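Participant: Sharing a structure here in structure tokens format.
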Amino acid sequence: MSLSLFEHPVLAAHFGDEALAAHFRIEAEISTMLTFEMALAEAQAHEGMIAPEAAAAIARACENFAPDFDALREGVARDGLIVPELIRELRKTVPAPHDAHLHFGATSQDVIDTSLVLRLKMVLPMLAARLENLIAALQDLDERFGHNHLIGRTRMQAAMPIPVGARLRAWMMPLSRALDELEDIGPELLQLQFGGAAGTLEKLGDDAAGVAARIGFLLDLDVPQTNWHTQRDSIARFANWLSLISGALGKIGQDIALMAQNEIGEIAMTGGGGSSAMPHKQNPVRAETLVALARFNATQLSGIHHALVHEQERSGAAWSLEWMILPQMVVAAGASTRLGAELFDAIERLGAAE
């Protein structure tokens with residue numbers, strides 16, 4: 001068994017989401033870190049803090065940089081994070097005297113957090129599009145089968161007949177609300193992190209506001225009134241949103257797994273999973289995995305709330321706990337949307353004609 005099913009060489013085909021996982025690979029992380037460093041230098045040149053030639057030299061170095069991953073591993077083992085060694089390696093490629101201007105006024109957290117935000121900026125539209133497709137698929141199922149009937153069940157006991165459309169709407173509305181909530185979550189989340197060593201941008205003096213505004217413009221990120229080094233509530237709200245998505249799809253998966261039981265037979269689907277011992281079976285593996293992913297994200301959400309507790313002006317412990325959890329939550333939510341779409345496409349019948 002792998003340390004993570006989301007990156008397992010085989011199991012990730014079912015449990016993972018390659019399109020989203022790609023944004024959390026080291027190549028994507030370093031690329032967005034270099035994007036921040038280029039924007040920082042260009043902003044400082046725009047504000048007259050450094051010469052345009054220095055910004056151009058830093059940009060060329062970032063564009064042509066080839067990471068030494070062995071050195072980065074050694075650096076992380078020593079420093080606990082990637083940026084110090086990354087800057088040391090990058091500085092070697094910037095000609096003097098321009099190398100002195102690289103990373104000036106910034107800190108590792110500015111680089112790491114802004115890198116994360118830049119990648120989430122690409123992730124959010126992907127998840128939004130998937131939610132729209134899931135909602136459309138449920139609406140299509142409602143048009144096809146909503147007039148059929150099935151036995152409504154309360155507390156897992158037969159209650160009375162209900163139209164299939166009633167259950168489909170109960171599946172759809174949480175997804176629709178999650179899509180609406182993204183209008184608030186996105187702007188709050190996609191903000192520049194730029195505070196310098198202790199959050200005050202003390203090295204930039206009177207130029208701090210202008211540099212921050214220019215970086216935000218270059219990266220197309222909102223610039224908050226103050227840095228959010230220790231204010232992780234936007235991350236927690238995003239993680240909660242991810243858990244709501246996987247939870248909504250987990251409820252659908254649970255319902256479908258129960259509807260697919262042989263003695264109930266309220267749904268007909270293609271492409272069930274096979275059994276090594278019982279060839280006649282078609283297991284509802286996608287539905288079951290939706291339940292597992294929902295429970296996984298619900299469990300991880302507790303850890304993200306623990307990561308809210310940052311001491312003073314920066315926490316190594318709370319911050320690194322966030323690194324351990326958030327990428328997996330994104331990929332779990334992504335896998336839920338992918339499996340949900342596959343599951344809806346496989347449905348051939350819901351309920352029974354009256």
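Residue names in the structure tokens use chain letters A, B, ... in the order shown, residue numbers from 1 in each chain, and ligand numbers from 1 in the order shown.
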Mind checking which residues fall within 8 Å of Val94 in chain A, counting only C-alpha atoms, ignoring those fewer than 5 positions away in the same chain, and posting them as an mmCIF file with N, CA, C and O atoms, in the first residue's frame?
Facilitator:
```
data_model
loop_
_atom_site.group_PDB
_atom_site.id
_atom_site.type_symbol
_atom_site.label_atom_id
_atom_site.label_comp_id
_atom_site.auth_asym_id
_atom_site.auth_seq_id
_atom_site.Cartn_x
_atom_site.Cartn_y
_atom_site.Cartn_z
ATOM 1 N N ALA A 57 17.563 40.761 -15.463
ATOM 2 C CA ALA A 57 18.512 39.682 -15.172
ATOM 3 C C ALA A 57 17.863 38.612 -14.296
ATOM 4 O O ALA A 57 18.070 37.406 -14.506
ATOM 5 N N ILE A 58 17.094 39.047 -13.304
ATOM 6 C CA ILE A 58 16.397 38.088 -12.438
ATOM 7 C C ILE A 58 15.361 37.309 -13.232
ATOM 8 O O ILE A 58 15.217 36.078 -13.069
ATOM 9 N N ALA A 61 17.079 34.662 -15.289
ATOM 10 C CA ALA A 61 17.536 33.565 -14.435
ATOM 11 C C ALA A 61 16.373 32.651 -14.057
ATOM 12 O O ALA A 61 16.508 31.416 -14.078
ATOM 13 N N ASP A 99 22.427 40.072 -8.431
ATOM 14 C CA ASP A 99 22.039 38.973 -7.543
ATOM 15 C C ASP A 99 21.641 39.475 -6.162
ATOM 16 O O ASP A 99 20.853 38.831 -5.459
#
```
Participant: For the interface of range 79-128 of chain A with range 206-211 of chain A (cut-off 12 Å, counting only C-alpha atoms), please tabulate each contacting residue of range 79-128 of chain A alongside its nearest pair of atoms and their separation in Å to one decimal, rows sorted by chain and increasing number, as a Markdown table.
Facilitator:
```
| residue | atom | partner | partner_atom | distance |
| --- | --- | --- | --- | --- |
| A:Phe104 | CA | A:Val211 | CA | 11.4 |
| A:Gly105 | CA | A:Ala208 | CA | 8.9 |
| A:Ala106 | CA | A:Ala208 | CA | 10.6 |
```
Participant: Can those selected residues be exported to a file as a PDB file, in the first residue's frame so that it contains all heavy atoms?
Facilitator:
```
ATOM      1  N   PHE A 104      14.701  40.325  -2.486  1.00  0.00           N
ATOM      2  CA  PHE A 104      14.878  41.382  -1.497  1.00  0.00           C
ATOM      3  C   PHE A 104      13.529  41.797  -0.901  1.00  0.00           C
ATOM      4  O   PHE A 104      12.568  42.087  -1.612  1.00  0.00           O
ATOM      5  CB  PHE A 104      15.557  42.606  -2.120  1.00  0.00           C
ATOM      6  CG  PHE A 104      15.759  43.731  -1.146  1.00  0.00           C
ATOM      7  CD1 PHE A 104      16.738  43.661  -0.184  1.00  0.00           C
ATOM      8  CD2 PHE A 104      14.924  44.852  -1.173  1.00  0.00           C
ATOM      9  CE1 PHE A 104      16.910  44.691   0.733  1.00  0.00           C
ATOM     10  CE2 PHE A 104      15.097  45.879  -0.262  1.00  0.00           C
ATOM     11  CZ  PHE A 104      16.084  45.793   0.692  1.00  0.00           C
ATOM     12  N   GLY A 105      13.490  41.838   0.427  1.00  0.00           N
ATOM     13  CA  GLY A 105      12.299  42.283   1.144  1.00  0.00           C
ATOM     14  C   GLY A 105      11.253  41.214   1.364  1.00  0.00           C
ATOM     15  O   GLY A 105      10.298  41.427   2.111  1.00  0.00           O
ATOM     16  N   ALA A 106      11.402  40.052   0.706  1.00  0.00           N
ATOM     17  CA  ALA A 106      10.415  38.977   0.848  1.00  0.00           C
ATOM     18  C   ALA A 106      10.915  37.936   1.837  1.00  0.00           C
ATOM     19  O   ALA A 106      12.080  37.958   2.268  1.00  0.00           O
ATOM     20  CB  ALA A 106      10.141  38.334  -0.502  1.00  0.00           C
TER      21      ALA A 106
END
```
Participant: Nearest to Glu202 in chain A: which of A:Ser115, A:Thr93, A:Thr107, A:Thr230 is it, counting only C-alpha atoms?
Facilitator: A:Thr107
Participant: I need the residues in range 104-320 of chain A that are strand (DSSP E or B) according to DSSP; give them as a PyMOL selection string.
Facilitator: chain A and resi 149-154+157-163+191+222+267-269+273+283
Participant: Using only C-alpha atoms, which of A:Ala236, A:Leu141, A:Ala96, A:Leu249 sits nearest Ala178 in chain A?
Facilitator: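 Answer, going by the shortest atom-to-atom distance: A:Leu249.
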Participant: For Glu266 in chain A, work out the shell of residues within 10 Å, counting only C-alpha atoms and skipping chain neighbours fewer than 2 positions away, then give it as a ChimeraX atom specification.
Facilitator: /A:149-151,164,256,258-264,268,349-352
Participant: Give the alpha helix (DSSP H) residues of range 124-331 of chain A, as assigned by DSSP on the backbone, as a ChimeraX atom specification.
Facilitator: /A:124-145,164-189,208-219,233-259,285-306,316-331
Participant: Of the candidates A:Pro52, A:Gly80, A:Pro163, A:Gly253, which one gets nearest to Gly316 in chain A if we count only C-alpha atoms?
Facilitator: A:Gly80
Participant: Mind pulling up the distance from CA of Ile215 in chain A to CA of Phe36 in chain A?
Facilitator: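 These atoms are spaced 8.0 Å apart.
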Participant: When you look at Leu168 in chain A with a cut-off of 10 Å (counting only C-alpha atoms), what residues show up, excluding the ones that are within fewer than 3 positions of it in the same chain? I need them as a list in words.
Facilitator: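 Listed by chain and then number, they are Leu138, Gln139, Leu141, Asp142, Phe145, Gly146, Pro163, Val164, Gly165, Trp171, Met172, Met173, Ile252 and Leu350 of chain A.
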Participant: Save the residues we just selected, N, CA, C and O atoms, as a PDB file, in the first residue's frame?
Facilitator:
```pdb
ATOM      1  N   LEU A 138     -27.342  15.822 -13.480  1.00  0.00           N
ATOM      2  CA  LEU A 138     -28.476  15.499 -12.616  1.00  0.00           C
ATOM      3  C   LEU A 138     -29.781  16.053 -13.192  1.00  0.00           C
ATOM      4  O   LEU A 138     -30.832  15.409 -13.095  1.00  0.00           O
ATOM      5  N   GLN A 139     -29.703  17.224 -13.785  1.00  0.00           N
ATOM      6  CA  GLN A 139     -30.904  17.771 -14.430  1.00  0.00           C
ATOM      7  C   GLN A 139     -31.341  16.887 -15.589  1.00  0.00           C
ATOM      8  O   GLN A 139     -32.548  16.666 -15.803  1.00  0.00           O
ATOM      9  N   LEU A 141     -30.814  13.626 -15.798  1.00  0.00           N
ATOM     10  CA  LEU A 141     -31.414  12.434 -15.194  1.00  0.00           C
ATOM     11  C   LEU A 141     -32.836  12.717 -14.714  1.00  0.00           C
ATOM     12  O   LEU A 141     -33.722  11.853 -14.812  1.00  0.00           O
ATOM     13  N   ASP A 142     -33.045  13.929 -14.206  1.00  0.00           N
ATOM     14  CA  ASP A 142     -34.388  14.307 -13.761  1.00  0.00           C
ATOM     15  C   ASP A 142     -35.358  14.328 -14.941  1.00  0.00           C
ATOM     16  O   ASP A 142     -36.501  13.865 -14.840  1.00  0.00           O
ATOM     17  N   PHE A 145     -35.813  10.481 -15.869  1.00  0.00           N
ATOM     18  CA  PHE A 145     -36.375   9.519 -14.917  1.00  0.00           C
ATOM     19  C   PHE A 145     -37.132  10.160 -13.759  1.00  0.00           C
ATOM     20  O   PHE A 145     -37.658   9.453 -12.894  1.00  0.00           O
ATOM     21  N   GLY A 146     -37.198  11.485 -13.727  1.00  0.00           N
ATOM     22  CA  GLY A 146     -37.800  12.149 -12.573  1.00  0.00           C
ATOM     23  C   GLY A 146     -39.238  11.766 -12.315  1.00  0.00           C
ATOM     24  O   GLY A 146     -39.708  11.819 -11.178  1.00  0.00           O
ATOM     25  N   PRO A 163     -41.410  10.437  -5.968  1.00  0.00           N
ATOM     26  CA  PRO A 163     -40.888  10.520  -7.334  1.00  0.00           C
ATOM     27  C   PRO A 163     -39.363  10.543  -7.316  1.00  0.00           C
ATOM     28  O   PRO A 163     -38.751  11.098  -6.393  1.00  0.00           O
ATOM     29  N   VAL A 164     -38.769   9.935  -8.313  1.00  0.00           N
ATOM     30  CA  VAL A 164     -37.319   9.943  -8.425  1.00  0.00           C
ATOM     31  C   VAL A 164     -36.786  11.380  -8.422  1.00  0.00           C
ATOM     32  O   VAL A 164     -35.728  11.674  -7.863  1.00  0.00           O
ATOM     33  N   GLY A 165     -37.548  12.299  -9.015  1.00  0.00           N
ATOM     34  CA  GLY A 165     -37.115  13.684  -9.072  1.00  0.00           C
ATOM     35  C   GLY A 165     -36.866  14.290  -7.705  1.00  0.00           C
ATOM     36  O   GLY A 165     -35.997  15.156  -7.547  1.00  0.00           O
ATOM     37  N   TRP A 171     -30.073  15.491  -4.231  1.00  0.00           N
ATOM     38  CA  TRP A 171     -28.677  15.311  -4.609  1.00  0.00           C
ATOM     39  C   TRP A 171     -28.089  16.584  -5.204  1.00  0.00           C
ATOM     40  O   TRP A 171     -26.927  16.915  -4.980  1.00  0.00           O
ATOM     41  N   MET A 172     -28.886  17.292  -5.970  1.00  0.00           N
ATOM     42  CA  MET A 172     -28.381  18.408  -6.764  1.00  0.00           C
ATOM     43  C   MET A 172     -28.192  19.694  -5.964  1.00  0.00           C
ATOM     44  O   MET A 172     -27.218  20.432  -6.178  1.00  0.00           O
ATOM     45  N   MET A 173     -29.078  19.988  -5.041  1.00  0.00           N
ATOM     46  CA  MET A 173     -29.060  21.298  -4.402  1.00  0.00           C
ATOM     47  C   MET A 173     -27.774  21.592  -3.627  1.00  0.00           C
ATOM     48  O   MET A 173     -27.248  22.717  -3.706  1.00  0.00           O
ATOM     49  N   ILE A 252     -24.614  11.074  -2.301  1.00  0.00           N
ATOM     50  CA  ILE A 252     -25.145  10.482  -3.534  1.00  0.00           C
ATOM     51  C   ILE A 252     -24.608   9.059  -3.700  1.00  0.00           C
ATOM     52  O   ILE A 252     -25.352   8.124  -4.034  1.00  0.00           O
ATOM     53  N   LEU A 350     -33.500   4.785 -13.286  1.00  0.00           N
ATOM     54  CA  LEU A 350     -33.735   5.160 -11.883  1.00  0.00           C
ATOM     55  C   LEU A 350     -35.190   4.925 -11.557  1.00  0.00           C
ATOM     56  O   LEU A 350     -36.081   5.401 -12.278  1.00  0.00           O
TER      57      LEU A 350
END
```
Participant: Could you jot down the CA of Leu86 in chain A to CA of Phe24 in chain A separation for me, Å, one decimal place?
Facilitator: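 Computed distance, CA of Leu86 in chain A to CA of Phe24 in chain A, equals 17.1 Å.
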Participant: For the atom pair CA of Glu7 in chain A and CA of Ser336 in chain A, what is the interatomic distance in Å to one decimal place?
Facilitator: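 So the two atoms, CA of Glu7 in chain A and CA of Ser336 in chain A, lie 15.3 Å apart.
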Participant: Nearest to Arg338 in chain A: which of A:Arg130, A:Leu5, A:Ala257, A:Ser243 is it, counting only C-alpha atoms?
Facilitator: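 Among the listed residues, A:Arg130 lies closest to Arg338 in chain A.
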Participant: Near Ala197 in chain A, counting only C-alpha atoms, which residues have an atom at most 12 Å away, once you skip same-chain residues fewer than 2 positions from it, shown as a list in words?
Facilitator: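 Residues meeting the cut-off are His103, Phe104, Gly105, Ala106, Thr107, Ser108, Gln109, Asp110, Val111, Gln193, Phe194, Gly195, Gly199, Thr200, Leu201, Glu202, Lys203, Leu204, Asn227, His229, Glu313 and Arg314 of chain A.
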Participant: Would you list the contacts of Glu132 in chain A as a PyMOL selection string, taking every protein, DNA or RNA residue within 9 Å and counting only C-alpha atoms, but skipping same-chain residues closer than 6 positions in sequence?
Facilitator: chain A and resi 175-176+179
Participant: When you count only C-alpha atoms, which of these residues is closest to Asp220 in chain A: A:Ala317, A:Leu290, A:Leu118, A:Ile304?
Facilitator: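 Comparing A:Ala317, A:Leu290, A:Leu118, A:Ile304 against Asp220 in chain A, the winner is A:Leu118.
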